[in-house]
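**Student:** Below you'll find input.pdb; it's PDB, C-alpha atoms and all ligand atoms.
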```pdb
ATOM      1  CA  MET A 150       0.694  -3.980 -15.352  1.00  0.00           C
ATOM      2  CA  LYS A 151       0.513  -5.439 -11.867  1.00  0.00           C
ATOM      3  CA  GLU A 152       1.252  -2.977  -9.075  1.00  0.00           C
ATOM      4  CA  LYS A 153       3.956  -4.082  -6.632  1.00  0.00           C
ATOM      5  CA  ILE A 154       3.157  -3.325  -3.015  1.00  0.00           C
ATOM      6  CA  LEU A 155       6.233  -2.459  -1.002  1.00  0.00           C
ATOM      7  CA  ILE A 156       6.301  -3.049   2.711  1.00  0.00           C
ATOM      8  CA  CYS A 157       9.164  -2.228   5.039  1.00  0.00           C
ATOM      9  CA  LYS A 158      10.970  -5.066   6.819  1.00  0.00           C
ATOM     10  CA  LYS A 159       9.918  -3.787  10.248  1.00  0.00           C
ATOM     11  CA  CYS A 160       6.226  -3.805   9.249  1.00  0.00           C
ATOM     12  CA  GLU A 161       6.583  -7.193   7.579  1.00  0.00           C
ATOM     13  CA  ILE A 162       8.150  -8.739  10.696  1.00  0.00           C
ATOM     14  CA  MET A 163       5.597  -7.013  12.948  1.00  0.00           C
ATOM     15  CA  GLN A 164       2.843  -8.659  10.893  1.00  0.00           C
ATOM     16  CA  SER A 165       4.485 -12.074  11.120  1.00  0.00           C
ATOM     17  CA  VAL A 166       4.866 -12.263  14.895  1.00  0.00           C
ATOM     18  CA  PRO A 167       1.957 -12.906  17.266  1.00  0.00           C
ATOM     19  CA  GLU A 168      -0.031  -9.770  18.044  1.00  0.00           C
ATOM     20  CA  ASP A 169       1.076  -9.714  21.671  1.00  0.00           C
ATOM     21  CA  ILE A 170       4.742  -9.799  20.585  1.00  0.00           C
ATOM     22  CA  ALA A 171       4.155  -6.998  18.071  1.00  0.00           C
ATOM     23  CA  GLU A 172       2.515  -4.933  20.818  1.00  0.00           C
ATOM     24  CA  TYR A 173       5.339  -5.799  23.207  1.00  0.00           C
ATOM     25  CA  ALA A 174       7.969  -4.762  20.641  1.00  0.00           C
ATOM     26  CA  ASP A 175       6.101  -1.563  19.878  1.00  0.00           C
ATOM     27  CA  ARG A 176       5.831  -0.735  23.583  1.00  0.00           C
ATOM     28  CA  LEU A 177       9.541  -1.449  24.119  1.00  0.00           C
ATOM     29  CA  TYR A 178      10.429   0.759  21.175  1.00  0.00           C
ATOM     30  CA  ARG A 179       8.406   3.662  22.558  1.00  0.00           C
ATOM     31  CA  LEU A 180       9.988   3.188  25.998  1.00  0.00           C
ATOM     32  CA  LEU A 181      13.494   3.454  24.563  1.00  0.00           C
ATOM     33  CA  ASP A 182      15.059   6.871  24.881  1.00  0.00           C
ATOM     34  CA  THR A 183      15.070   8.380  21.373  1.00  0.00           C
ATOM     35  CA  LYS A 184      18.871   8.650  21.450  1.00  0.00           C
ATOM     36  CA  ASP A 185      19.077   4.868  22.019  1.00  0.00           C
ATOM     37  CA  ARG A 186      16.711   3.923  19.182  1.00  0.00           C
ATOM     38  CA  ALA A 187      18.143   2.596  15.936  1.00  0.00           C
ATOM     39  CA  ALA A 188      17.035   4.603  12.921  1.00  0.00           C
ATOM     40  CA  ASP A 189      14.374   2.950  10.737  1.00  0.00           C
ATOM     41  CA  SER A 190      16.955   2.543   7.960  1.00  0.00           C
ATOM     42  CA  LEU A 191      19.344   0.749  10.343  1.00  0.00           C
ATOM     43  CA  MET A 192      16.576  -1.563  11.615  1.00  0.00           C
ATOM     44  CA  GLU A 193      15.585  -2.313   8.026  1.00  0.00           C
ATOM     45  CA  GLU A 194      19.203  -3.087   7.103  1.00  0.00           C
ATOM     46  CA  ARG A 195      19.572  -5.421  10.107  1.00  0.00           C
ATOM     47  CA  LEU A 196      16.248  -7.168   9.477  1.00  0.00           C
ATOM     48  CA  LEU A 197      17.218  -7.851   5.856  1.00  0.00           C
ATOM     49  CA  ILE A 198      20.333  -9.633   7.147  1.00  0.00           C
ATOM     50  CA  CYS A 199      18.337 -11.547   9.787  1.00  0.00           C
ATOM     51  CA  GLU A 200      15.794 -12.610   7.181  1.00  0.00           C
ATOM     52  CA  LYS A 201      18.514 -14.421   5.220  1.00  0.00           C
ATOM     53  CA  CYS A 202      20.216 -15.855   8.313  1.00  0.00           C
ATOM     54  CA  GLU A 203      20.064 -19.600   9.031  1.00  0.00           C
ATOM     55  CA  LYS A 204      19.547 -18.755  12.723  1.00  0.00           C
ATOM     56  CA  HIS A 205      16.327 -16.818  12.019  1.00  0.00           C
ATOM     57  CA  GLU A 206      13.136 -18.771  12.560  1.00  0.00           C
ATOM     58  CA  GLY A 207       9.612 -17.579  13.210  1.00  0.00           C
ATOM     59  CA  GLY A 208      10.751 -14.038  13.987  1.00  0.00           C
ATOM     60  CA  THR A 209      13.229 -15.328  16.564  1.00  0.00           C
ATOM     61  CA  CYS A 210      17.014 -15.388  16.545  1.00  0.00           C
ATOM     62  CA  LEU A 211      17.944 -18.950  17.509  1.00  0.00           C
ATOM     63  CA  SER A 212      21.422 -17.780  18.458  1.00  0.00           C
ATOM     64  CA  CYS A 213      20.315 -15.508  21.306  1.00  0.00           C
ATOM     65  CA  GLY A 214      16.616 -16.338  21.733  1.00  0.00           C
ATOM     66  CA  CYS A 215      15.483 -12.740  21.145  1.00  0.00           C
ATOM     67  CA  TYR A 216      12.687 -11.706  18.838  1.00  0.00           C
ATOM     68  CA  THR A 217      14.644 -10.174  15.992  1.00  0.00           C
ATOM     69  CA  ILE A 218      12.364  -7.133  15.879  1.00  0.00           C
ATOM     70  CA  VAL A 219      13.387  -6.444  19.484  1.00  0.00           C
ATOM     71  CA  ARG A 220      17.058  -7.249  18.857  1.00  0.00           C
ATOM     72  CA  VAL A 221      17.407  -4.709  16.036  1.00  0.00           C
ATOM     73  CA  MET A 222      15.664  -1.723  17.624  1.00  0.00           C
ATOM     74  CA  LYS A 223      18.417  -0.552  19.955  1.00  0.00           C
ATOM     75  CA  LYS A 224      21.143   1.494  18.297  1.00  0.00           C
ATOM     76  CA  ASP A 225      24.060  -0.190  20.086  1.00  0.00           C
ATOM     77  CA  SER A 226      22.656  -3.723  19.787  1.00  0.00           C
ATOM     78  CA  ARG A 227      24.874  -6.325  18.124  1.00  0.00           C
ATOM     79  CA  CYS A 228      24.230  -9.561  16.279  1.00  0.00           C
ATOM     80  CA  PRO A 229      25.496 -12.516  18.362  1.00  0.00           C
ATOM     81  CA  GLN A 230      26.966 -13.990  15.149  1.00  0.00           C
ATOM     82  CA  LYS A 231      28.588 -10.653  14.196  1.00  0.00           C
ATOM     83  CA  LYS A 232      26.553 -10.428  10.979  1.00  0.00           C
ATOM     84  CA  TRP A 233      25.578  -6.819  11.688  1.00  0.00           C
TER      85      TRP A 233
HETATM   86  S1  LIG B   1      22.340 -14.475  14.337  1.00  0.00           S
HETATM   87 FE1  LIG B   1      22.342 -12.280  13.870  1.00  0.00          FE
HETATM   88  S2  LIG B   1      21.664 -12.148  11.753  1.00  0.00           S
HETATM   89 FE2  LIG B   1      21.110 -14.175  12.516  1.00  0.00          FE
HETATM   90  S3  LIG B   1      19.007 -13.955  13.251  1.00  0.00           S
HETATM   91 FE3  LIG B   1      20.383 -13.631  14.994  1.00  0.00          FE
HETATM   92  S4  LIG B   1      20.678 -11.394  15.088  1.00  0.00           S
HETATM   93 FE4  LIG B   1      19.871 -11.892  13.047  1.00  0.00          FE
END
```
In structure tokens, how does this file's structure come out?

**Tutor:**
Amino acid sequence: MKEKILICKKCEIMQSVPEDIAEYADRLYRLLDTKDRAADSLMEERLLICEKCEKHEGGTCLSCGCYTIVRVMKKDSRCPQKKW
């Protein structure tokens, strides 16, 4: 039986963006006050929606121009298309 490897959405997106963007996103995340950070489960939920969105291309939201990994990390962030 073939073993299925599970990877979280955040890690998957981090692997798909250029290394400098992944580092940038990681640095931004660590700079955020912990009370302002979205929980991993919330980021995962948002990224799953972004992944299926017609405005999502190459790790970027074409509606606002943000890297989606950056857009989802702040707790009070909102989707410009009101999808999350
Ligand atoms: S419009 Fe919303 S759901 Fe679509 S990629 Fe942008 S942030 Fe994600």

**Student:** Under the rule that only C-alpha atoms and all ligand atoms are counted, which of A:Cys202, A:Asp175, A:Gly214, A:Gly207 is the nearest residue to ligand LIG 1 (chain B)?

**Tutor:**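 Of A:Cys202, A:Asp175, A:Gly214, A:Gly207, the one nearest ligand LIG 1 (chain B) is A:Cys202, counting only C-alpha atoms and all ligand atoms.
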
**Student:** Chain A near ligand LIG 1 (chain B) within 9 Å: what's each residue's closest atom pair and its distance in Å to one decimal, counting all atoms listed in the file, ordered by chain then ascending residue number, as JSON lines?

**Tutor:**
```
{"residue": "A:Arg195", "atom": "CA", "partner": "B:LIG1", "partner_atom": "FE4", "distance": 7.1}
{"residue": "A:Leu196", "atom": "CA", "partner": "B:LIG1", "partner_atom": "FE4", "distance": 6.9}
{"residue": "A:Leu197", "atom": "CA", "partner": "B:LIG1", "partner_atom": "S2", "distance": 8.5}
{"residue": "A:Ile198", "atom": "CA", "partner": "B:LIG1", "partner_atom": "S2", "distance": 5.4}
{"residue": "A:Cys199", "atom": "CA", "partner": "B:LIG1", "partner_atom": "FE4", "distance": 3.6}
{"residue": "A:Glu200", "atom": "CA", "partner": "B:LIG1", "partner_atom": "S3", "distance": 7.0}
{"residue": "A:Lys201", "atom": "CA", "partner": "B:LIG1", "partner_atom": "S2", "distance": 7.6}
{"residue": "A:Cys202", "atom": "CA", "partner": "B:LIG1", "partner_atom": "FE2", "distance": 4.6}
{"residue": "A:Glu203", "atom": "CA", "partner": "B:LIG1", "partner_atom": "FE2", "distance": 6.5}
{"residue": "A:Lys204", "atom": "CA", "partner": "B:LIG1", "partner_atom": "FE2", "distance": 4.8}
{"residue": "A:His205", "atom": "CA", "partner": "B:LIG1", "partner_atom": "S3", "distance": 4.1}
{"residue": "A:Glu206", "atom": "CA", "partner": "B:LIG1", "partner_atom": "S3", "distance": 7.6}
{"residue": "A:Gly208", "atom": "CA", "partner": "B:LIG1", "partner_atom": "S3", "distance": 8.3}
{"residue": "A:Thr209", "atom": "CA", "partner": "B:LIG1", "partner_atom": "S3", "distance": 6.8}
{"residue": "A:Cys210", "atom": "CA", "partner": "B:LIG1", "partner_atom": "FE3", "distance": 4.1}
{"residue": "A:Leu211", "atom": "CA", "partner": "B:LIG1", "partner_atom": "FE3", "distance": 6.4}
{"residue": "A:Ser212", "atom": "CA", "partner": "B:LIG1", "partner_atom": "S1", "distance": 5.4}
{"residue": "A:Cys213", "atom": "CA", "partner": "B:LIG1", "partner_atom": "FE3", "distance": 6.6}
{"residue": "A:Gly214", "atom": "CA", "partner": "B:LIG1", "partner_atom": "FE3", "distance": 8.2}
{"residue": "A:Cys215", "atom": "CA", "partner": "B:LIG1", "partner_atom": "FE3", "distance": 7.9}
{"residue": "A:Tyr216", "atom": "CA", "partner": "B:LIG1", "partner_atom": "S3", "distance": 8.7}
{"residue": "A:Thr217", "atom": "CA", "partner": "B:LIG1", "partner_atom": "S4", "distance": 6.2}
{"residue": "A:Arg220", "atom": "CA", "partner": "B:LIG1", "partner_atom": "S4", "distance": 6.7}
{"residue": "A:Val221", "atom": "CA", "partner": "B:LIG1", "partner_atom": "S4", "distance": 7.5}
{"residue": "A:Arg227", "atom": "CA", "partner": "B:LIG1", "partner_atom": "S4", "distance": 7.2}
{"residue": "A:Cys228", "atom": "CA", "partner": "B:LIG1", "partner_atom": "FE1", "distance": 4.1}
{"residue": "A:Pro229", "atom": "CA", "partner": "B:LIG1", "partner_atom": "S1", "distance": 5.5}
{"residue": "A:Gln230", "atom": "CA", "partner": "B:LIG1", "partner_atom": "S1", "distance": 4.7}
{"residue": "A:Lys231", "atom": "CA", "partner": "B:LIG1", "partner_atom": "FE1", "distance": 6.5}
{"residue": "A:Lys232", "atom": "CA", "partner": "B:LIG1", "partner_atom": "S2", "distance": 5.2}
{"residue": "A:Trp233", "atom": "CA", "partner": "B:LIG1", "partner_atom": "S2", "distance": 6.6}
```

**Student:** Can you tell me how far CA of Lys223 in chain A sits from CA of Ala187 in chain A, in Å to one decimal?

**Tutor:**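 Computing the Euclidean distance for CA of Lys223 in chain A and CA of Ala187 in chain A yields 5.1 Å.
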
**Student:** Which residues match the PyMOL selection byres (((chain A and resi 186) around 6) and not hetatm) in the file above, as JSON, numbers by chain?

**Tutor:** {"A": [183, 184, 185, 187, 222, 223, 224]}

**Student:** By how many Å are CA of Glu172 in chain A and CA of Asp225 in chain A apart?

**Tutor:**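 Distance reported for this atom pair: 22.1 Å.
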
**Student:** Quick one: residues within 8 Å of Val219 in chain A, all atoms listed in the file counted, chain neighbours fewer than 5 positions away excluded, as an MDAnalysis selection string?

**Tutor:** chainID A and resid 174 177:178

**Student:** Taking the partial coordinates given, rebuild range 173-198 of chain A to contain N, CA and C atoms; return it as a PDB file, in the coordinates of the input.

**Tutor:**
```
ATOM      1  N   TYR A 173       4.214  -5.843  22.269  1.00  0.00           N
ATOM      2  CA  TYR A 173       5.339  -5.799  23.207  1.00  0.00           C
ATOM      3  C   TYR A 173       6.521  -5.050  22.578  1.00  0.00           C
ATOM      4  N   ALA A 174       6.851  -5.404  21.334  1.00  0.00           N
ATOM      5  CA  ALA A 174       7.969  -4.762  20.641  1.00  0.00           C
ATOM      6  C   ALA A 174       7.699  -3.275  20.452  1.00  0.00           C
ATOM      7  N   ASP A 175       6.468  -2.954  20.100  1.00  0.00           N
ATOM      8  CA  ASP A 175       6.101  -1.563  19.878  1.00  0.00           C
ATOM      9  C   ASP A 175       6.211  -0.768  21.186  1.00  0.00           C
ATOM     10  N   ARG A 176       5.761  -1.396  22.272  1.00  0.00           N
ATOM     11  CA  ARG A 176       5.831  -0.735  23.583  1.00  0.00           C
ATOM     12  C   ARG A 176       7.299  -0.524  23.982  1.00  0.00           C
ATOM     13  N   LEU A 177       8.112  -1.564  23.792  1.00  0.00           N
ATOM     14  CA  LEU A 177       9.541  -1.449  24.119  1.00  0.00           C
ATOM     15  C   LEU A 177      10.196  -0.326  23.323  1.00  0.00           C
ATOM     16  N   TYR A 178       9.849  -0.258  22.044  1.00  0.00           N
ATOM     17  CA  TYR A 178      10.429   0.759  21.175  1.00  0.00           C
ATOM     18  C   TYR A 178      10.090   2.155  21.690  1.00  0.00           C
ATOM     19  N   ARG A 179       8.832   2.342  22.076  1.00  0.00           N
ATOM     20  CA  ARG A 179       8.406   3.662  22.558  1.00  0.00           C
ATOM     21  C   ARG A 179       9.026   3.995  23.910  1.00  0.00           C
ATOM     22  N   LEU A 180       9.361   2.954  24.699  1.00  0.00           N
ATOM     23  CA  LEU A 180       9.988   3.188  25.998  1.00  0.00           C
ATOM     24  C   LEU A 180      11.472   3.546  25.880  1.00  0.00           C
ATOM     25  N   LEU A 181      12.075   3.142  24.762  1.00  0.00           N
ATOM     26  CA  LEU A 181      13.494   3.454  24.563  1.00  0.00           C
ATOM     27  C   LEU A 181      13.683   4.955  24.428  1.00  0.00           C
ATOM     28  N   ASP A 182      14.707   5.465  25.066  1.00  0.00           N
ATOM     29  CA  ASP A 182      15.059   6.871  24.881  1.00  0.00           C
ATOM     30  C   ASP A 182      15.348   7.071  23.385  1.00  0.00           C
ATOM     31  N   THR A 183      14.895   8.172  22.818  1.00  0.00           N
ATOM     32  CA  THR A 183      15.070   8.380  21.373  1.00  0.00           C
ATOM     33  C   THR A 183      16.542   8.300  20.947  1.00  0.00           C
ATOM     34  N   LYS A 184      17.446   8.717  21.821  1.00  0.00           N
ATOM     35  CA  LYS A 184      18.871   8.650  21.450  1.00  0.00           C
ATOM     36  C   LYS A 184      19.382   7.199  21.395  1.00  0.00           C
ATOM     37  N   ASP A 185      18.667   6.279  22.020  1.00  0.00           N
ATOM     38  CA  ASP A 185      19.077   4.868  22.019  1.00  0.00           C
ATOM     39  C   ASP A 185      18.409   4.047  20.909  1.00  0.00           C
ATOM     40  N   ARG A 186      17.423   4.653  20.238  1.00  0.00           N
ATOM     41  CA  ARG A 186      16.711   3.923  19.182  1.00  0.00           C
ATOM     42  C   ARG A 186      17.527   3.867  17.901  1.00  0.00           C
ATOM     43  N   ALA A 187      17.520   2.703  17.266  1.00  0.00           N
ATOM     44  CA  ALA A 187      18.143   2.596  15.936  1.00  0.00           C
ATOM     45  C   ALA A 187      17.232   3.304  14.939  1.00  0.00           C
ATOM     46  N   ALA A 188      17.824   3.949  13.968  1.00  0.00           N
ATOM     47  CA  ALA A 188      17.035   4.603  12.921  1.00  0.00           C
ATOM     48  C   ALA A 188      16.295   3.531  12.126  1.00  0.00           C
ATOM     49  N   ASP A 189      15.151   3.903  11.545  1.00  0.00           N
ATOM     50  CA  ASP A 189      14.374   2.950  10.737  1.00  0.00           C
ATOM     51  C   ASP A 189      15.248   2.288   9.668  1.00  0.00           C
ATOM     52  N   SER A 190      16.109   3.092   9.031  1.00  0.00           N
ATOM     53  CA  SER A 190      16.955   2.543   7.960  1.00  0.00           C
ATOM     54  C   SER A 190      17.927   1.491   8.508  1.00  0.00           C
ATOM     55  N   LEU A 191      18.425   1.710   9.730  1.00  0.00           N
ATOM     56  CA  LEU A 191      19.344   0.749  10.343  1.00  0.00           C
ATOM     57  C   LEU A 191      18.591  -0.535  10.713  1.00  0.00           C
ATOM     58  N   MET A 192      17.382  -0.384  11.271  1.00  0.00           N
ATOM     59  CA  MET A 192      16.576  -1.563  11.615  1.00  0.00           C
ATOM     60  C   MET A 192      16.266  -2.370  10.364  1.00  0.00           C
ATOM     61  N   GLU A 193      15.910  -1.669   9.308  1.00  0.00           N
ATOM     62  CA  GLU A 193      15.585  -2.313   8.026  1.00  0.00           C
ATOM     63  C   GLU A 193      16.799  -3.098   7.511  1.00  0.00           C
ATOM     64  N   GLU A 194      17.960  -2.454   7.567  1.00  0.00           N
ATOM     65  CA  GLU A 194      19.203  -3.087   7.103  1.00  0.00           C
ATOM     66  C   GLU A 194      19.475  -4.363   7.919  1.00  0.00           C
ATOM     67  N   ARG A 195      19.326  -4.271   9.237  1.00  0.00           N
ATOM     68  CA  ARG A 195      19.572  -5.421  10.107  1.00  0.00           C
ATOM     69  C   ARG A 195      18.558  -6.536   9.845  1.00  0.00           C
ATOM     70  N   LEU A 196      17.290  -6.157   9.692  1.00  0.00           N
ATOM     71  CA  LEU A 196      16.248  -7.168   9.477  1.00  0.00           C
ATOM     72  C   LEU A 196      16.432  -7.905   8.153  1.00  0.00           C
ATOM     73  N   LEU A 197      16.956  -7.202   7.144  1.00  0.00           N
ATOM     74  CA  LEU A 197      17.218  -7.851   5.856  1.00  0.00           C
ATOM     75  C   LEU A 197      18.292  -8.926   6.021  1.00  0.00           C
ATOM     76  N   ILE A 198      19.268  -8.649   6.877  1.00  0.00           N
ATOM     77  CA  ILE A 198      20.333  -9.633   7.147  1.00  0.00           C
ATOM     78  C   ILE A 198      19.744 -10.801   7.945  1.00  0.00           C
TER      79      ILE A 198
END
```
